[in-house]
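Participant: Below is the file structure-v8.txt, with compact mmCIF, N, CA and C atoms.
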```txt
# COMPACT_ATOMS: atom_id res chain seq x y z
N MET A 279 114.12 -51.19 -107.54
CA MET A 279 113.31 -52.06 -106.72
C MET A 279 111.94 -51.43 -106.45
N VAL A 280 111.92 -50.13 -106.21
CA VAL A 280 110.66 -49.43 -105.93
C VAL A 280 109.75 -49.49 -107.16
N HIS A 281 110.34 -49.32 -108.36
CA HIS A 281 109.54 -49.37 -109.58
C HIS A 281 108.92 -50.75 -109.79
N LEU A 282 109.66 -51.79 -109.41
CA LEU A 282 109.14 -53.14 -109.54
C LEU A 282 107.93 -53.33 -108.62
N ARG A 283 108.02 -52.85 -107.37
CA ARG A 283 106.89 -52.96 -106.45
C ARG A 283 105.69 -52.17 -106.93
N VAL A 284 105.93 -50.99 -107.46
CA VAL A 284 104.83 -50.18 -107.98
C VAL A 284 104.17 -50.88 -109.16
N ALA A 285 104.96 -51.45 -110.04
CA ALA A 285 104.43 -52.17 -111.20
C ALA A 285 103.63 -53.39 -110.75
N GLN A 286 104.13 -54.12 -109.74
CA GLN A 286 103.39 -55.27 -109.22
C GLN A 286 102.07 -54.84 -108.61
N GLN A 287 102.10 -53.75 -107.85
CA GLN A 287 100.87 -53.24 -107.23
C GLN A 287 99.86 -52.82 -108.29
N GLN A 288 100.34 -52.15 -109.32
CA GLN A 288 99.44 -51.74 -110.40
C GLN A 288 98.86 -52.94 -111.12
N SER A 289 99.66 -53.98 -111.29
CA SER A 289 99.18 -55.20 -111.93
C SER A 289 98.09 -55.87 -111.08
N LEU A 290 98.30 -55.93 -109.76
CA LEU A 290 97.30 -56.49 -108.86
C LEU A 290 96.01 -55.68 -108.90
N GLU A 291 96.15 -54.37 -108.88
CA GLU A 291 94.97 -53.50 -108.93
C GLU A 291 94.21 -53.69 -110.23
N ALA A 292 94.94 -53.82 -111.33
CA ALA A 292 94.29 -54.02 -112.63
C ALA A 292 93.55 -55.36 -112.68
N GLU A 293 94.16 -56.41 -112.15
CA GLU A 293 93.49 -57.71 -112.13
C GLU A 293 92.27 -57.67 -111.22
N ALA A 294 92.41 -57.02 -110.06
CA ALA A 294 91.28 -56.92 -109.13
C ALA A 294 90.12 -56.18 -109.80
N ARG A 295 90.43 -55.10 -110.47
CA ARG A 295 89.39 -54.31 -111.17
C ARG A 295 88.74 -55.14 -112.27
N GLN A 296 89.54 -55.87 -113.05
CA GLN A 296 89.01 -56.70 -114.13
C GLN A 296 88.08 -57.77 -113.57
N ARG A 297 88.50 -58.43 -112.51
CA ARG A 297 87.68 -59.49 -111.91
C ARG A 297 86.41 -58.90 -111.29
N PHE A 298 86.52 -57.72 -110.69
CA PHE A 298 85.34 -57.06 -110.13
C PHE A 298 84.32 -56.77 -111.23
N LEU A 299 84.78 -56.20 -112.34
CA LEU A 299 83.87 -55.88 -113.45
C LEU A 299 83.27 -57.15 -114.05
N GLN A 300 84.06 -58.22 -114.16
CA GLN A 300 83.54 -59.49 -114.67
C GLN A 300 82.50 -60.03 -113.71
N GLY A 301 82.75 -59.92 -112.41
CA GLY A 301 81.78 -60.36 -111.41
C GLY A 301 80.47 -59.60 -111.53
N LEU A 302 80.55 -58.29 -111.71
CA LEU A 302 79.33 -57.50 -111.89
C LEU A 302 78.57 -57.93 -113.14
N ALA A 303 79.30 -58.18 -114.22
CA ALA A 303 78.65 -58.60 -115.46
C ALA A 303 77.95 -59.95 -115.27
N LEU A 304 78.60 -60.87 -114.59
CA LEU A 304 77.99 -62.17 -114.35
C LEU A 304 76.76 -62.05 -113.45
N ALA A 305 76.84 -61.21 -112.44
CA ALA A 305 75.69 -61.01 -111.54
C ALA A 305 74.52 -60.43 -112.32
N ARG A 306 74.78 -59.45 -113.16
CA ARG A 306 73.71 -58.84 -113.96
C ARG A 306 73.08 -59.86 -114.91
N ALA A 307 73.89 -60.84 -115.35
CA ALA A 307 73.39 -61.88 -116.25
C ALA A 307 72.69 -63.00 -115.49
N GLY A 308 72.64 -62.90 -114.17
CA GLY A 308 71.96 -63.91 -113.36
C GLY A 308 72.83 -65.06 -112.90
N ASP A 309 74.13 -64.99 -113.11
CA ASP A 309 75.04 -66.05 -112.70
C ASP A 309 75.76 -65.63 -111.42
N CYS A 310 75.06 -65.73 -110.29
CA CYS A 310 75.65 -65.29 -109.02
C CYS A 310 76.78 -66.20 -108.55
N ARG A 311 76.72 -67.48 -108.87
CA ARG A 311 77.83 -68.37 -108.48
C ARG A 311 79.12 -67.95 -109.19
N GLY A 312 79.02 -67.73 -110.48
CA GLY A 312 80.18 -67.27 -111.24
C GLY A 312 80.63 -65.90 -110.77
N ALA A 313 79.67 -65.03 -110.49
CA ALA A 313 79.99 -63.68 -110.01
C ALA A 313 80.76 -63.76 -108.70
N LEU A 314 80.32 -64.62 -107.80
CA LEU A 314 81.00 -64.74 -106.51
C LEU A 314 82.45 -65.19 -106.68
N ALA A 315 82.69 -66.11 -107.60
CA ALA A 315 84.07 -66.57 -107.82
C ALA A 315 84.96 -65.40 -108.23
N GLU A 316 84.47 -64.57 -109.13
CA GLU A 316 85.25 -63.41 -109.58
C GLU A 316 85.38 -62.35 -108.49
N LEU A 317 84.29 -62.09 -107.79
CA LEU A 317 84.31 -61.07 -106.74
C LEU A 317 85.22 -61.49 -105.57
N GLU A 318 85.17 -62.76 -105.21
CA GLU A 318 86.03 -63.24 -104.12
C GLU A 318 87.50 -63.13 -104.49
N ARG A 319 87.84 -63.45 -105.73
CA ARG A 319 89.23 -63.31 -106.18
C ARG A 319 89.62 -61.83 -106.20
N SER A 320 88.74 -60.98 -106.67
CA SER A 320 89.00 -59.55 -106.67
C SER A 320 89.27 -59.05 -105.25
N PHE A 321 88.44 -59.49 -104.31
CA PHE A 321 88.60 -59.06 -102.92
C PHE A 321 89.90 -59.57 -102.33
N ALA A 322 90.31 -60.79 -102.69
CA ALA A 322 91.58 -61.33 -102.21
C ALA A 322 92.76 -60.48 -102.70
N LEU A 323 92.62 -59.92 -103.90
CA LEU A 323 93.68 -59.08 -104.45
C LEU A 323 93.66 -57.67 -103.86
N MET A 324 92.47 -57.12 -103.69
CA MET A 324 92.29 -55.75 -103.18
C MET A 324 91.04 -55.74 -102.31
N ALA A 325 91.22 -55.61 -101.02
CA ALA A 325 90.09 -55.64 -100.08
C ALA A 325 89.35 -54.30 -100.11
N ARG A 326 88.27 -54.27 -100.90
CA ARG A 326 87.49 -53.04 -101.05
C ARG A 326 86.05 -53.28 -100.60
N PRO A 327 85.48 -52.29 -99.92
CA PRO A 327 84.11 -52.43 -99.42
C PRO A 327 83.08 -52.73 -100.51
N ASN A 328 83.19 -52.06 -101.66
CA ASN A 328 82.18 -52.26 -102.71
C ASN A 328 82.18 -53.69 -103.24
N THR A 329 83.33 -54.36 -103.16
CA THR A 329 83.38 -55.76 -103.57
C THR A 329 82.58 -56.61 -102.58
N LEU A 330 82.77 -56.35 -101.29
CA LEU A 330 81.99 -57.07 -100.27
C LEU A 330 80.50 -56.82 -100.42
N PHE A 331 80.14 -55.58 -100.72
CA PHE A 331 78.72 -55.24 -100.90
C PHE A 331 78.12 -56.09 -102.01
N ASN A 332 78.83 -56.19 -103.13
CA ASN A 332 78.32 -56.98 -104.25
C ASN A 332 78.35 -58.48 -103.96
N MET A 333 79.33 -58.94 -103.19
CA MET A 333 79.35 -60.34 -102.79
C MET A 333 78.12 -60.65 -101.93
N ALA A 334 77.80 -59.76 -100.99
CA ALA A 334 76.63 -59.96 -100.14
C ALA A 334 75.34 -59.98 -100.96
N GLN A 335 75.25 -59.11 -101.95
CA GLN A 335 74.07 -59.08 -102.81
C GLN A 335 73.90 -60.43 -103.52
N CYS A 336 75.01 -60.99 -104.02
CA CYS A 336 74.95 -62.29 -104.69
C CYS A 336 74.55 -63.39 -103.71
N GLN A 337 75.10 -63.35 -102.50
CA GLN A 337 74.73 -64.36 -101.50
C GLN A 337 73.24 -64.30 -101.22
N GLU A 338 72.68 -63.11 -101.17
CA GLU A 338 71.23 -62.98 -100.97
C GLU A 338 70.47 -63.62 -102.12
N GLN A 339 70.91 -63.38 -103.35
CA GLN A 339 70.25 -63.96 -104.51
C GLN A 339 70.26 -65.48 -104.48
N LEU A 340 71.29 -66.05 -103.85
CA LEU A 340 71.41 -67.50 -103.73
C LEU A 340 70.76 -68.04 -102.46
N PHE A 341 70.09 -67.16 -101.71
CA PHE A 341 69.42 -67.50 -100.45
C PHE A 341 70.40 -67.98 -99.38
N ARG A 342 71.62 -67.55 -99.47
CA ARG A 342 72.64 -67.85 -98.46
C ARG A 342 72.72 -66.66 -97.51
N TYR A 343 71.69 -66.51 -96.73
CA TYR A 343 71.57 -65.32 -95.90
C TYR A 343 72.66 -65.22 -94.85
N ASP A 344 73.12 -66.35 -94.35
CA ASP A 344 74.20 -66.32 -93.36
C ASP A 344 75.48 -65.76 -93.98
N LEU A 345 75.76 -66.11 -95.23
CA LEU A 345 76.95 -65.59 -95.90
C LEU A 345 76.77 -64.12 -96.29
N ALA A 346 75.54 -63.74 -96.60
CA ALA A 346 75.27 -62.33 -96.87
C ALA A 346 75.53 -61.51 -95.61
N VAL A 347 75.08 -62.02 -94.46
CA VAL A 347 75.32 -61.33 -93.19
C VAL A 347 76.82 -61.20 -92.95
N ARG A 348 77.56 -62.28 -93.19
CA ARG A 348 79.02 -62.25 -93.02
C ARG A 348 79.65 -61.16 -93.89
N ASP A 349 79.26 -61.10 -95.17
CA ASP A 349 79.87 -60.15 -96.09
C ASP A 349 79.44 -58.71 -95.79
N TYR A 350 78.18 -58.51 -95.42
CA TYR A 350 77.75 -57.16 -95.04
C TYR A 350 78.46 -56.71 -93.76
N THR A 351 78.65 -57.62 -92.83
CA THR A 351 79.35 -57.28 -91.59
C THR A 351 80.79 -56.89 -91.88
N ARG A 352 81.44 -57.64 -92.74
CA ARG A 352 82.81 -57.31 -93.15
C ARG A 352 82.85 -55.96 -93.87
N TYR A 353 81.82 -55.69 -94.66
CA TYR A 353 81.72 -54.39 -95.32
C TYR A 353 81.75 -53.27 -94.28
N LEU A 354 80.91 -53.39 -93.25
CA LEU A 354 80.85 -52.35 -92.22
C LEU A 354 82.17 -52.20 -91.48
N GLU A 355 82.93 -53.28 -91.37
CA GLU A 355 84.22 -53.22 -90.70
C GLU A 355 85.26 -52.44 -91.48
N ILE A 356 85.21 -52.50 -92.82
CA ILE A 356 86.27 -51.85 -93.59
C ILE A 356 85.82 -50.60 -94.34
N ALA A 357 84.52 -50.39 -94.47
CA ALA A 357 84.04 -49.20 -95.18
C ALA A 357 84.25 -47.97 -94.29
N PRO A 358 84.54 -46.84 -94.90
CA PRO A 358 84.69 -45.62 -94.10
C PRO A 358 83.35 -45.24 -93.46
N PRO A 359 83.38 -44.56 -92.33
CA PRO A 359 82.14 -44.18 -91.64
C PRO A 359 81.16 -43.39 -92.52
N GLU A 360 81.69 -42.63 -93.46
CA GLU A 360 80.83 -41.81 -94.31
C GLU A 360 80.36 -42.52 -95.59
N ALA A 361 80.61 -43.82 -95.71
CA ALA A 361 80.22 -44.57 -96.90
C ALA A 361 78.71 -44.42 -97.13
N GLU A 362 78.33 -44.11 -98.36
CA GLU A 362 76.92 -43.84 -98.66
C GLU A 362 76.03 -45.06 -98.54
N ASP A 363 76.60 -46.27 -98.66
CA ASP A 363 75.80 -47.50 -98.55
C ASP A 363 75.68 -48.00 -97.11
N ARG A 364 76.33 -47.35 -96.16
CA ARG A 364 76.35 -47.84 -94.78
C ARG A 364 74.95 -48.02 -94.20
N ALA A 365 74.08 -47.04 -94.35
CA ALA A 365 72.72 -47.13 -93.81
C ALA A 365 71.94 -48.26 -94.48
N THR A 366 72.11 -48.43 -95.77
CA THR A 366 71.45 -49.51 -96.50
C THR A 366 71.92 -50.86 -95.99
N VAL A 367 73.22 -51.00 -95.79
CA VAL A 367 73.79 -52.25 -95.32
C VAL A 367 73.29 -52.56 -93.90
N GLU A 368 73.27 -51.56 -93.04
CA GLU A 368 72.79 -51.78 -91.67
C GLU A 368 71.33 -52.24 -91.67
N ALA A 369 70.50 -51.63 -92.51
CA ALA A 369 69.09 -52.03 -92.60
C ALA A 369 68.97 -53.45 -93.16
N GLN A 370 69.76 -53.75 -94.16
CA GLN A 370 69.72 -55.08 -94.76
C GLN A 370 70.16 -56.15 -93.76
N LEU A 371 71.17 -55.83 -92.95
CA LEU A 371 71.61 -56.77 -91.92
C LEU A 371 70.49 -57.07 -90.94
N ARG A 372 69.76 -56.05 -90.51
CA ARG A 372 68.65 -56.28 -89.59
C ARG A 372 67.60 -57.20 -90.22
N ALA A 373 67.28 -56.95 -91.49
CA ALA A 373 66.28 -57.77 -92.18
C ALA A 373 66.76 -59.21 -92.35
N LEU A 374 68.01 -59.38 -92.73
CA LEU A 374 68.54 -60.73 -92.96
C LEU A 374 68.63 -61.54 -91.67
N ARG A 375 69.00 -60.88 -90.60
CA ARG A 375 69.11 -61.61 -89.32
C ARG A 375 67.77 -62.18 -88.89
N ASN A 376 66.68 -61.54 -89.31
CA ASN A 376 65.35 -62.07 -89.00
C ASN A 376 65.04 -63.33 -89.80
N LEU A 377 65.81 -63.60 -90.84
CA LEU A 377 65.60 -64.79 -91.67
C LEU A 377 66.48 -65.96 -91.24
N LEU A 378 67.28 -65.74 -90.21
CA LEU A 378 68.24 -66.75 -89.77
C LEU A 378 67.90 -67.25 -88.38
N GLY A 379 68.28 -68.49 -88.13
CA GLY A 379 68.19 -69.05 -86.80
C GLY A 379 69.60 -69.29 -86.29
N THR A 380 69.73 -69.34 -84.98
CA THR A 380 71.02 -69.62 -84.36
C THR A 380 70.96 -71.00 -83.74
N ILE A 381 71.94 -71.81 -84.08
CA ILE A 381 72.06 -73.14 -83.49
C ILE A 381 73.30 -73.13 -82.60
N HIS A 382 73.11 -73.52 -81.35
CA HIS A 382 74.24 -73.62 -80.43
C HIS A 382 74.75 -75.06 -80.48
N VAL A 383 75.98 -75.22 -80.91
CA VAL A 383 76.57 -76.54 -81.10
C VAL A 383 77.52 -76.85 -79.94
N THR A 384 77.25 -77.95 -79.25
CA THR A 384 78.16 -78.44 -78.22
C THR A 384 78.64 -79.82 -78.66
N LEU A 385 79.73 -80.25 -78.09
CA LEU A 385 80.31 -81.54 -78.46
C LEU A 385 80.41 -82.44 -77.24
N SER A 386 80.04 -83.70 -77.44
CA SER A 386 80.16 -84.67 -76.37
C SER A 386 80.70 -85.96 -76.97
N PRO A 387 81.87 -86.39 -76.68
CA PRO A 387 82.78 -85.80 -75.70
C PRO A 387 83.42 -84.53 -76.26
N ALA A 388 83.89 -83.70 -75.37
CA ALA A 388 84.55 -82.46 -75.78
C ALA A 388 85.86 -82.79 -76.49
N LEU A 389 86.25 -81.93 -77.40
CA LEU A 389 87.52 -82.09 -78.09
C LEU A 389 88.66 -81.65 -77.17
N PRO A 390 89.86 -82.11 -77.46
CA PRO A 390 91.02 -81.66 -76.67
C PRO A 390 91.13 -80.13 -76.70
N GLU A 391 91.71 -79.58 -75.64
CA GLU A 391 91.88 -78.12 -75.50
C GLU A 391 92.49 -77.52 -76.76
N GLY A 392 91.86 -76.46 -77.26
CA GLY A 392 92.37 -75.74 -78.43
C GLY A 392 91.94 -76.32 -79.77
N GLN A 393 91.31 -77.47 -79.79
CA GLN A 393 90.87 -78.07 -81.05
C GLN A 393 89.39 -77.74 -81.26
N HIS A 394 89.05 -77.40 -82.48
CA HIS A 394 87.67 -77.11 -82.84
C HIS A 394 87.23 -78.04 -83.96
N ALA A 395 85.94 -78.17 -84.08
CA ALA A 395 85.36 -78.95 -85.16
C ALA A 395 84.71 -77.98 -86.15
N GLU A 396 84.63 -78.39 -87.40
CA GLU A 396 83.94 -77.59 -88.42
C GLU A 396 82.46 -77.97 -88.44
N VAL A 397 81.63 -76.96 -88.58
CA VAL A 397 80.18 -77.19 -88.73
C VAL A 397 79.86 -76.97 -90.20
N TRP A 398 79.33 -78.01 -90.84
CA TRP A 398 79.00 -77.96 -92.27
C TRP A 398 77.49 -77.95 -92.47
N LEU A 399 77.05 -77.15 -93.39
CA LEU A 399 75.66 -77.11 -93.83
C LEU A 399 75.71 -77.37 -95.33
N ALA A 400 75.23 -78.53 -95.74
CA ALA A 400 75.30 -78.95 -97.15
C ALA A 400 76.77 -78.97 -97.58
N ASP A 401 77.15 -78.11 -98.52
CA ASP A 401 78.48 -78.17 -99.12
C ASP A 401 79.44 -77.11 -98.61
N ARG A 402 79.16 -76.51 -97.45
CA ARG A 402 80.02 -75.42 -97.00
C ARG A 402 80.11 -75.36 -95.47
N ILE A 403 81.21 -74.79 -95.02
CA ILE A 403 81.43 -74.59 -93.60
C ILE A 403 80.64 -73.35 -93.17
N VAL A 404 79.89 -73.49 -92.07
CA VAL A 404 79.11 -72.35 -91.56
C VAL A 404 79.59 -71.90 -90.18
N GLY A 405 80.56 -72.60 -89.61
CA GLY A 405 81.07 -72.18 -88.32
C GLY A 405 81.94 -73.24 -87.68
N GLU A 406 82.25 -73.00 -86.41
CA GLU A 406 83.06 -73.93 -85.64
C GLU A 406 82.29 -74.39 -84.41
N ALA A 407 82.63 -75.59 -83.95
CA ALA A 407 82.02 -76.11 -82.73
C ALA A 407 83.14 -76.35 -81.73
N PRO A 408 82.90 -76.10 -80.48
CA PRO A 408 81.64 -75.59 -79.96
C PRO A 408 81.45 -74.12 -80.32
N GLY A 409 80.18 -73.72 -80.40
CA GLY A 409 79.86 -72.33 -80.70
C GLY A 409 78.51 -72.19 -81.35
N ASP A 410 78.17 -70.96 -81.69
CA ASP A 410 76.90 -70.66 -82.34
C ASP A 410 77.10 -70.51 -83.83
N VAL A 411 76.16 -71.00 -84.61
CA VAL A 411 76.19 -70.83 -86.07
C VAL A 411 74.83 -70.31 -86.52
N LEU A 412 74.88 -69.45 -87.52
CA LEU A 412 73.66 -68.92 -88.13
C LEU A 412 73.28 -69.81 -89.30
N VAL A 413 72.00 -70.17 -89.38
CA VAL A 413 71.53 -70.99 -90.50
C VAL A 413 70.24 -70.39 -91.04
N PRO A 414 70.05 -70.47 -92.36
CA PRO A 414 68.80 -70.01 -92.95
C PRO A 414 67.63 -70.89 -92.49
N GLY A 415 66.43 -70.35 -92.56
CA GLY A 415 65.25 -71.14 -92.21
C GLY A 415 65.11 -72.35 -93.11
N GLY A 416 64.43 -73.37 -92.64
CA GLY A 416 64.18 -74.56 -93.43
C GLY A 416 64.81 -75.78 -92.80
N GLU A 417 64.65 -76.91 -93.49
CA GLU A 417 65.24 -78.17 -93.03
C GLU A 417 66.65 -78.27 -93.55
N HIS A 418 67.54 -78.70 -92.66
CA HIS A 418 68.96 -78.82 -93.04
C HIS A 418 69.55 -80.06 -92.40
N ALA A 419 70.52 -80.62 -93.07
CA ALA A 419 71.37 -81.65 -92.48
C ALA A 419 72.67 -80.96 -92.11
N ILE A 420 73.00 -80.99 -90.84
CA ILE A 420 74.21 -80.35 -90.36
C ILE A 420 75.20 -81.43 -89.97
N GLU A 421 76.43 -81.24 -90.37
CA GLU A 421 77.48 -82.22 -90.10
C GLU A 421 78.59 -81.54 -89.31
N ILE A 422 79.11 -82.26 -88.32
CA ILE A 422 80.24 -81.77 -87.53
C ILE A 422 81.45 -82.61 -87.93
N ARG A 423 82.54 -81.95 -88.31
CA ARG A 423 83.75 -82.64 -88.74
C ARG A 423 84.93 -82.21 -87.88
N ALA A 424 85.68 -83.19 -87.39
CA ALA A 424 86.88 -82.93 -86.60
C ALA A 424 87.93 -83.98 -86.91
N THR A 425 89.16 -83.58 -86.95
CA THR A 425 90.26 -84.48 -87.20
C THR A 425 90.28 -85.58 -86.15
N GLY A 426 90.36 -86.81 -86.61
CA GLY A 426 90.44 -87.94 -85.70
C GLY A 426 89.10 -88.51 -85.28
N PHE A 427 88.00 -87.94 -85.78
CA PHE A 427 86.66 -88.43 -85.44
C PHE A 427 85.92 -88.83 -86.69
N LEU A 428 85.11 -89.88 -86.59
CA LEU A 428 84.27 -90.30 -87.71
C LEU A 428 82.92 -89.64 -87.61
```
Turn the structure described in the file into structure tokens.
Facilitator:
Amino acid sequence: MVHLRVAQQQSLEAEARQRFLQGLALARAGDCRGALAELERSFALMARPNTLFNMAQCQEQLFRYDLAVRDYTRYLEIAPPEAEDRATVEAQLRALRNLLGTIHVTLSPALPEGQHAEVWLADRIVGEAPGDVLVPGGEHAIEIRATGFL
């Protein structure tokens, strides 16, 4: 049984590594959307700081600064204190936060206790309401979605 678990773990690590390398290759070729798909799958298999770092870099290339902030923040949460990229990530976070605005979303009427609404920016969820969401500069259409509401 132990050998089976070790073999499964090695298989997961190999797939995570393969997807990470494919993600890097796609990013270098300028396909950040494709790179993100591979990097996100790699991270789901093996949560490694360097994967988050590269995901954040791709988000920046796509001008998704709020998602870059999310990924850099997650990087700082799981990277060891002595990680060589830590200072770079902290500086990048400060710079990116200057490119974002905060929108405070309230709901009227309020949702039932414990229920939240999703805040959408274009084709993706950027947060929950009520609450604060970070959005990149520019004009945006923001949509609030909640079960049972039109």
Participant: Counting only C-alpha atoms, note down every residue that has an atom within 10 Å of the point (75.3, -63.9, -102.5) (file coordinates), as a list in words.
Facilitator: Ala305, Cys310, Arg311, Ala313, Leu314, Leu330, Phe331, Asn332, Met333, Ala334, Gln335, Cys336, Gln337, Glu338, Gln339, Leu340, Phe341, Arg342, Tyr343, Asp344, Leu345, Ala346, Val347 and Asp349 of chain A
Participant: As an exercise, work out the distance from atom C of A:Arg348 to atom CA of A:Leu371 in Å and give it to one decimal place.
Facilitator: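 A separation of 9.4 Å between them.
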Participant: Take the point (68.6, -69.6, -87.5) in the file's coordinates, draw a sphere of radius 8 Å around it, and report as a list of chain:residue names every protein, DNA or RNA residue with an atom inside or on it, counting only C-alpha atoms.
Facilitator: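 Residues found, by chain and rising number: A:Leu377, A:Leu378, A:Gly379, A:Thr380, A:Ile381, A:Val411, A:Leu412, A:Val413, A:Pro414, A:Gly415.
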Participant: Which residue gives the smallest distance to A:Val367 among A:Tyr350, A:Gly405, A:Arg295, A:Val383, with only N, CA and C atoms counted?
Facilitator: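 Using only N, CA and C atoms, A:Val367 sits closest to A:Tyr350.
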Participant: What is the atom CA of A:Glu391-atom CA of A:Ile422 distance in Å, reported with one decimal?
Facilitator: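 Separation between atom CA of A:Glu391 and atom CA of A:Ile422: 17.1 Å.
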Participant: Between atom CA of A:Gly426 and atom CA of A:Asp410, measure the distance and give it in Å to one decimal.
Facilitator: 22.2 Å
Participant: If we count only N, CA and C atoms and set the cut-off at 8 Å, which residues sit around A:Ala294, ignoring sequence neighbours fewer than 4 positions away in its own chain? Please answer as a list in words.
Facilitator: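 These residues fall inside the cut-off: Gln288, Ser289, Leu290, Phe298, Leu299, Gln300, Glu316, Arg319, Ser320, Phe321, Ala322, Leu323 and Met324 of chain A.
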Participant: Work out where the centre of an axis-aligned box around every listed atom of stretch 372-386 of chain A lies and how long its edges are once 8 Å is added on each side; give both in Å to one decimal as JSON.
Facilitator:
```
{"center_x": 72.9, "center_y": -71.0, "center_z": -84.7, "size_x": 31.7, "size_y": 45.9, "size_z": 32.6}
```
Participant: According to DSSP computed on the backbone, where in stretch 309-426 of chain A is there helix (DSSP H, G or I)? Give the residues as a ChimeraX atom specification.
Facilitator: /A:310-323,327-339,343-356,364-375
Participant: Atoms are missing here; could stretch 320-326 of chain A be completed with all heavy atoms and written as a PDB file, in the coordinates of the input?
Facilitator:
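Result file selection28.pdb:
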```pdb
ATOM      1  N   SER A 320      88.740 -60.980-106.670  1.00  0.00           N
ATOM      2  CA  SER A 320      89.000 -59.550-106.670  1.00  0.00           C
ATOM      3  C   SER A 320      89.270 -59.050-105.250  1.00  0.00           C
ATOM      4  O   SER A 320      90.216 -58.308-105.006  1.00  0.00           O
ATOM      5  CB  SER A 320      87.817 -58.789-107.275  1.00  0.00           C
ATOM      6  OG  SER A 320      88.003 -57.390-107.158  1.00  0.00           O
ATOM      7  N   PHE A 321      88.440 -59.490-104.310  1.00  0.00           N
ATOM      8  CA  PHE A 321      88.600 -59.060-102.920  1.00  0.00           C
ATOM      9  C   PHE A 321      89.900 -59.570-102.330  1.00  0.00           C
ATOM     10  O   PHE A 321      90.564 -58.875-101.551  1.00  0.00           O
ATOM     11  CB  PHE A 321      87.412 -59.529-102.069  1.00  0.00           C
ATOM     12  CG  PHE A 321      87.431 -58.963-100.682  1.00  0.00           C
ATOM     13  CD1 PHE A 321      87.043 -57.652-100.448  1.00  0.00           C
ATOM     14  CD2 PHE A 321      87.855 -59.733 -99.612  1.00  0.00           C
ATOM     15  CE1 PHE A 321      87.082 -57.113 -99.172  1.00  0.00           C
ATOM     16  CE2 PHE A 321      87.892 -59.205 -98.329  1.00  0.00           C
ATOM     17  CZ  PHE A 321      87.507 -57.896 -98.112  1.00  0.00           C
ATOM     18  N   ALA A 322      90.310 -60.790-102.690  1.00  0.00           N
ATOM     19  CA  ALA A 322      91.580 -61.330-102.210  1.00  0.00           C
ATOM     20  C   ALA A 322      92.760 -60.480-102.700  1.00  0.00           C
ATOM     21  O   ALA A 322      93.758 -60.328-101.999  1.00  0.00           O
ATOM     22  CB  ALA A 322      91.749 -62.781-102.653  1.00  0.00           C
ATOM     23  N   LEU A 323      92.620 -59.920-103.900  1.00  0.00           N
ATOM     24  CA  LEU A 323      93.680 -59.080-104.450  1.00  0.00           C
ATOM     25  C   LEU A 323      93.660 -57.670-103.860  1.00  0.00           C
ATOM     26  O   LEU A 323      94.710 -57.089-103.592  1.00  0.00           O
ATOM     27  CB  LEU A 323      93.545 -58.998-105.979  1.00  0.00           C
ATOM     28  CG  LEU A 323      93.788 -60.298-106.727  1.00  0.00           C
ATOM     29  CD1 LEU A 323      93.316 -60.183-108.169  1.00  0.00           C
ATOM     30  CD2 LEU A 323      95.263 -60.674-106.667  1.00  0.00           C
ATOM     31  N   MET A 324      92.470 -57.120-103.690  1.00  0.00           N
ATOM     32  CA  MET A 324      92.290 -55.750-103.180  1.00  0.00           C
ATOM     33  C   MET A 324      91.040 -55.740-102.310  1.00  0.00           C
ATOM     34  O   MET A 324      89.927 -55.853-102.828  1.00  0.00           O
ATOM     35  CB  MET A 324      92.106 -54.757-104.333  1.00  0.00           C
ATOM     36  CG  MET A 324      93.276 -54.629-105.274  1.00  0.00           C
ATOM     37  SD  MET A 324      94.691 -53.765-104.597  1.00  0.00           S
ATOM     38  CE  MET A 324      93.992 -52.206-104.160  1.00  0.00           C
ATOM     39  N   ALA A 325      91.220 -55.610-101.020  1.00  0.00           N
ATOM     40  CA  ALA A 325      90.090 -55.640-100.080  1.00  0.00           C
ATOM     41  C   ALA A 325      89.350 -54.300-100.110  1.00  0.00           C
ATOM     42  O   ALA A 325      89.741 -53.343 -99.453  1.00  0.00           O
ATOM     43  CB  ALA A 325      90.595 -55.934 -98.672  1.00  0.00           C
ATOM     44  N   ARG A 326      88.270 -54.270-100.900  1.00  0.00           N
ATOM     45  CA  ARG A 326      87.490 -53.040-101.050  1.00  0.00           C
ATOM     46  C   ARG A 326      86.050 -53.280-100.600  1.00  0.00           C
ATOM     47  O   ARG A 326      85.459 -54.329-100.874  1.00  0.00           O
ATOM     48  CB  ARG A 326      87.506 -52.598-102.506  1.00  0.00           C
ATOM     49  CG  ARG A 326      88.906 -52.207-102.940  1.00  0.00           C
ATOM     50  CD  ARG A 326      88.868 -51.394-104.188  1.00  0.00           C
ATOM     51  NE  ARG A 326      90.177 -50.826-104.439  1.00  0.00           N
ATOM     52  CZ  ARG A 326      90.678 -50.624-105.628  1.00  0.00           C
ATOM     53  NH1 ARG A 326      89.959 -50.928-106.695  1.00  0.00           N
ATOM     54  NH2 ARG A 326      91.862 -50.107-105.776  1.00  0.00           N
TER      55      ARG A 326
END
```
